[in-house]
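Read through the structure below, which is laid out as structure tokens, and then see the notes.
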Amino acid sequence: MPGDISAAARALLPVPPAQRRQLAARLLREAHAADCYRKRFKKAHAMWGNGTLMAAALKRPTGREPRLDDQEYLECQSIVFNALQVRNKWKRTP
């Protein structure tokens with residue numbers, strides 16, 4: 001969902017640029033783990049939330065949503081989209 005992308009990008013903003021790709025991948029792993037937990041135990045994970053990317057991202061410090069012309073924010077969104085593409089390719093590999 002668009003809100004998940006925005007929340008994840010905002011979670012990347014306070015992190016040094018060299019660490020953002022690693023954090024984006026970690027957010028996706030945490031969201032997946034929380035989703036598995038929610039499905040199994042019928043409740044949200046205490047640290048990573050309900051299994052959405054937004055819930056995993058908002059457990060970290062984030063600022064308010066920047067304007068769409070904020071170049072750093074756009075770069076963070078791009079990192080999140082790239083991490084999703086990498087994850088989806090990995091999931092489809094037999």
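Going by the structure tokens order, chains are called A, B, ..., each with residues numbered from 1, while ligands are numbered from 1 in the order shown.
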Can you pull out every residue within 7 Å of Lys59 of chain A, counting only C-alpha atoms, but drop anything in the same chain fewer than 3 positions away, and send it as a count of residues only? 3
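Residues lying within 10 Å of Ser78 of chain A, counting only C-alpha atoms and ignoring same-chain neighbours fewer than 4 positions away, are Ile5, Ala9, Arg21, Glu72, Tyr73, Leu74, Asn82, Ala83 and Leu84 of chain A.
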Go ahead and write the selection's residues with N, CA and C atoms as a tab-separated table (two decimals), in the first residue's frame.
chain	number	residue	atom	x	y	z
A	5	ILE	N	4.85	2.25	1.90
A	5	ILE	CA	6.04	2.76	1.23
A	5	ILE	C	6.49	4.06	1.90
A	9	ALA	N	9.96	4.65	3.91
A	9	ALA	CA	10.89	5.70	3.45
A	9	ALA	C	11.19	6.67	4.58
A	21	ARG	N	19.83	0.79	2.52
A	21	ARG	CA	19.42	-0.43	1.82
A	21	ARG	C	19.32	-1.61	2.80
A	72	GLU	N	15.81	13.64	-1.03
A	72	GLU	CA	16.24	12.56	-0.14
A	72	GLU	C	15.10	11.59	0.16
A	73	TYR	N	13.91	12.12	0.34
A	73	TYR	CA	12.73	11.29	0.58
A	73	TYR	C	12.44	10.42	-0.65
A	74	LEU	N	12.54	11.01	-1.83
A	74	LEU	CA	12.33	10.24	-3.06
A	74	LEU	C	13.36	9.13	-3.20
A	82	ASN	N	12.98	-0.78	-4.49
A	82	ASN	CA	14.01	-1.72	-4.93
A	82	ASN	C	14.07	-2.94	-4.01
A	83	ALA	N	13.98	-2.72	-2.72
A	83	ALA	CA	14.00	-3.84	-1.76
A	83	ALA	C	12.80	-4.75	-1.99
A	84	LEU	N	11.65	-4.17	-2.30
A	84	LEU	CA	10.46	-4.98	-2.61
A	84	LEU	C	10.67	-5.80	-3.87
For Ala7 of chain A, find every residue with an atom within 7 Å (counting only C-alpha atoms), except residues of its own chain fewer than 4 positions away, and show them as a list in words. Gly3, Ala11, Met54, Ala57 and Leu58 of chain A
Give me a file of those residues, with N, CA and C atoms, as a short mmCIF file (atom, residue, chain, number, x, y, z; two decimals), in the first residue's frame.
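part-v1.cif, written as the output of this step:
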data_model
loop_
_atom_site.label_atom_id
_atom_site.label_comp_id
_atom_site.auth_asym_id
_atom_site.auth_seq_id
_atom_site.Cartn_x
_atom_site.Cartn_y
_atom_site.Cartn_z
N GLY A 3 0.83 3.88 1.81
CA GLY A 3 1.20 4.29 3.16
C GLY A 3 2.37 3.48 3.71
N ALA A 11 11.21 5.97 7.72
CA ALA A 11 12.08 5.28 8.67
C ALA A 11 13.52 5.27 8.19
N MET A 54 4.30 -0.93 7.12
CA MET A 54 4.08 0.29 7.90
C MET A 54 4.29 0.04 9.40
N ALA A 57 7.95 -0.34 10.13
CA ALA A 57 8.66 0.93 9.97
C ALA A 57 8.37 1.90 11.10
N LEU A 58 7.11 1.96 11.53
CA LEU A 58 6.74 2.95 12.55
C LEU A 58 7.20 2.57 13.95
#
From the DSSP assignment of the backbone, select every residue of segment 2-62 of chain A that is alpha helix (DSSP H), and format the answer as a PDB file with C-alpha atoms, in the first residue's frame.
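After the write, selection.pdb holds the following:
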ATOM      1  CA  PRO A   2       1.221   3.555  -0.576  1.00  0.00           C
ATOM      2  CA  GLY A   3       1.204   4.287   3.157  1.00  0.00           C
ATOM      3  CA  ASP A   4       3.566   1.370   3.762  1.00  0.00           C
ATOM      4  CA  ILE A   5       6.044   2.764   1.230  1.00  0.00           C
ATOM      5  CA  SER A   6       5.839   6.208   2.779  1.00  0.00           C
ATOM      6  CA  ALA A   7       6.310   4.911   6.334  1.00  0.00           C
ATOM      7  CA  ALA A   8       9.296   2.787   5.320  1.00  0.00           C
ATOM      8  CA  ALA A   9      10.887   5.696   3.449  1.00  0.00           C
ATOM      9  CA  ARG A  10      10.399   7.937   6.494  1.00  0.00           C
ATOM     10  CA  ALA A  11      12.078   5.280   8.672  1.00  0.00           C
ATOM     11  CA  LEU A  12      15.082   5.367   6.329  1.00  0.00           C
ATOM     12  CA  ARG A  20      19.499   2.577   4.154  1.00  0.00           C
ATOM     13  CA  ARG A  21      19.423  -0.435   1.817  1.00  0.00           C
ATOM     14  CA  GLN A  22      20.255  -2.747   4.699  1.00  0.00           C
ATOM     15  CA  LEU A  23      17.501  -1.234   6.845  1.00  0.00           C
ATOM     16  CA  ALA A  24      14.949  -1.502   4.029  1.00  0.00           C
ATOM     17  CA  ALA A  25      15.696  -5.220   3.677  1.00  0.00           C
ATOM     18  CA  ARG A  26      15.463  -5.628   7.444  1.00  0.00           C
ATOM     19  CA  LEU A  27      12.070  -3.897   7.543  1.00  0.00           C
ATOM     20  CA  LEU A  28      10.767  -6.345   4.952  1.00  0.00           C
ATOM     21  CA  ARG A  29      12.093  -9.322   6.928  1.00  0.00           C
ATOM     22  CA  GLU A  30      10.520  -7.994  10.131  1.00  0.00           C
ATOM     23  CA  ALA A  31       7.180  -7.379   8.426  1.00  0.00           C
ATOM     24  CA  HIS A  32       7.215 -10.906   6.997  1.00  0.00           C
ATOM     25  CA  ALA A  33       8.111 -12.429  10.370  1.00  0.00           C
ATOM     26  CA  ALA A  34       5.365 -10.395  12.063  1.00  0.00           C
ATOM     27  CA  ASP A  35       2.858 -11.506   9.439  1.00  0.00           C
ATOM     28  CA  CYS A  36       3.750 -15.156  10.057  1.00  0.00           C
ATOM     29  CA  TYR A  37       3.443 -14.563  13.809  1.00  0.00           C
ATOM     30  CA  ARG A  38       0.035 -12.874  13.379  1.00  0.00           C
ATOM     31  CA  LYS A  39      -1.265 -15.731  11.272  1.00  0.00           C
ATOM     32  CA  ARG A  40      -0.072 -18.333  13.747  1.00  0.00           C
ATOM     33  CA  PHE A  41      -0.991 -16.672  17.053  1.00  0.00           C
ATOM     34  CA  LEU A  53       5.591  -2.803   6.309  1.00  0.00           C
ATOM     35  CA  MET A  54       4.077   0.287   7.901  1.00  0.00           C
ATOM     36  CA  ALA A  55       3.867  -1.349  11.324  1.00  0.00           C
ATOM     37  CA  ALA A  56       7.493  -2.508  11.149  1.00  0.00           C
ATOM     38  CA  ALA A  57       8.658   0.926   9.968  1.00  0.00           C
TER      39      ALA A  57
END
Distance criterion (only C-alpha atoms): nearest to Thr62 of chain A out of A:Ala18, A:Leu13, A:Cys76, A:Val86: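 Of the candidates, the smallest distance to Thr62 of chain A is held by A:Leu13.
Rounded to one decimal, atom CA of Met1 of chain A and atom CA of Glu65 of chain A lie 15.4 Å from each other.
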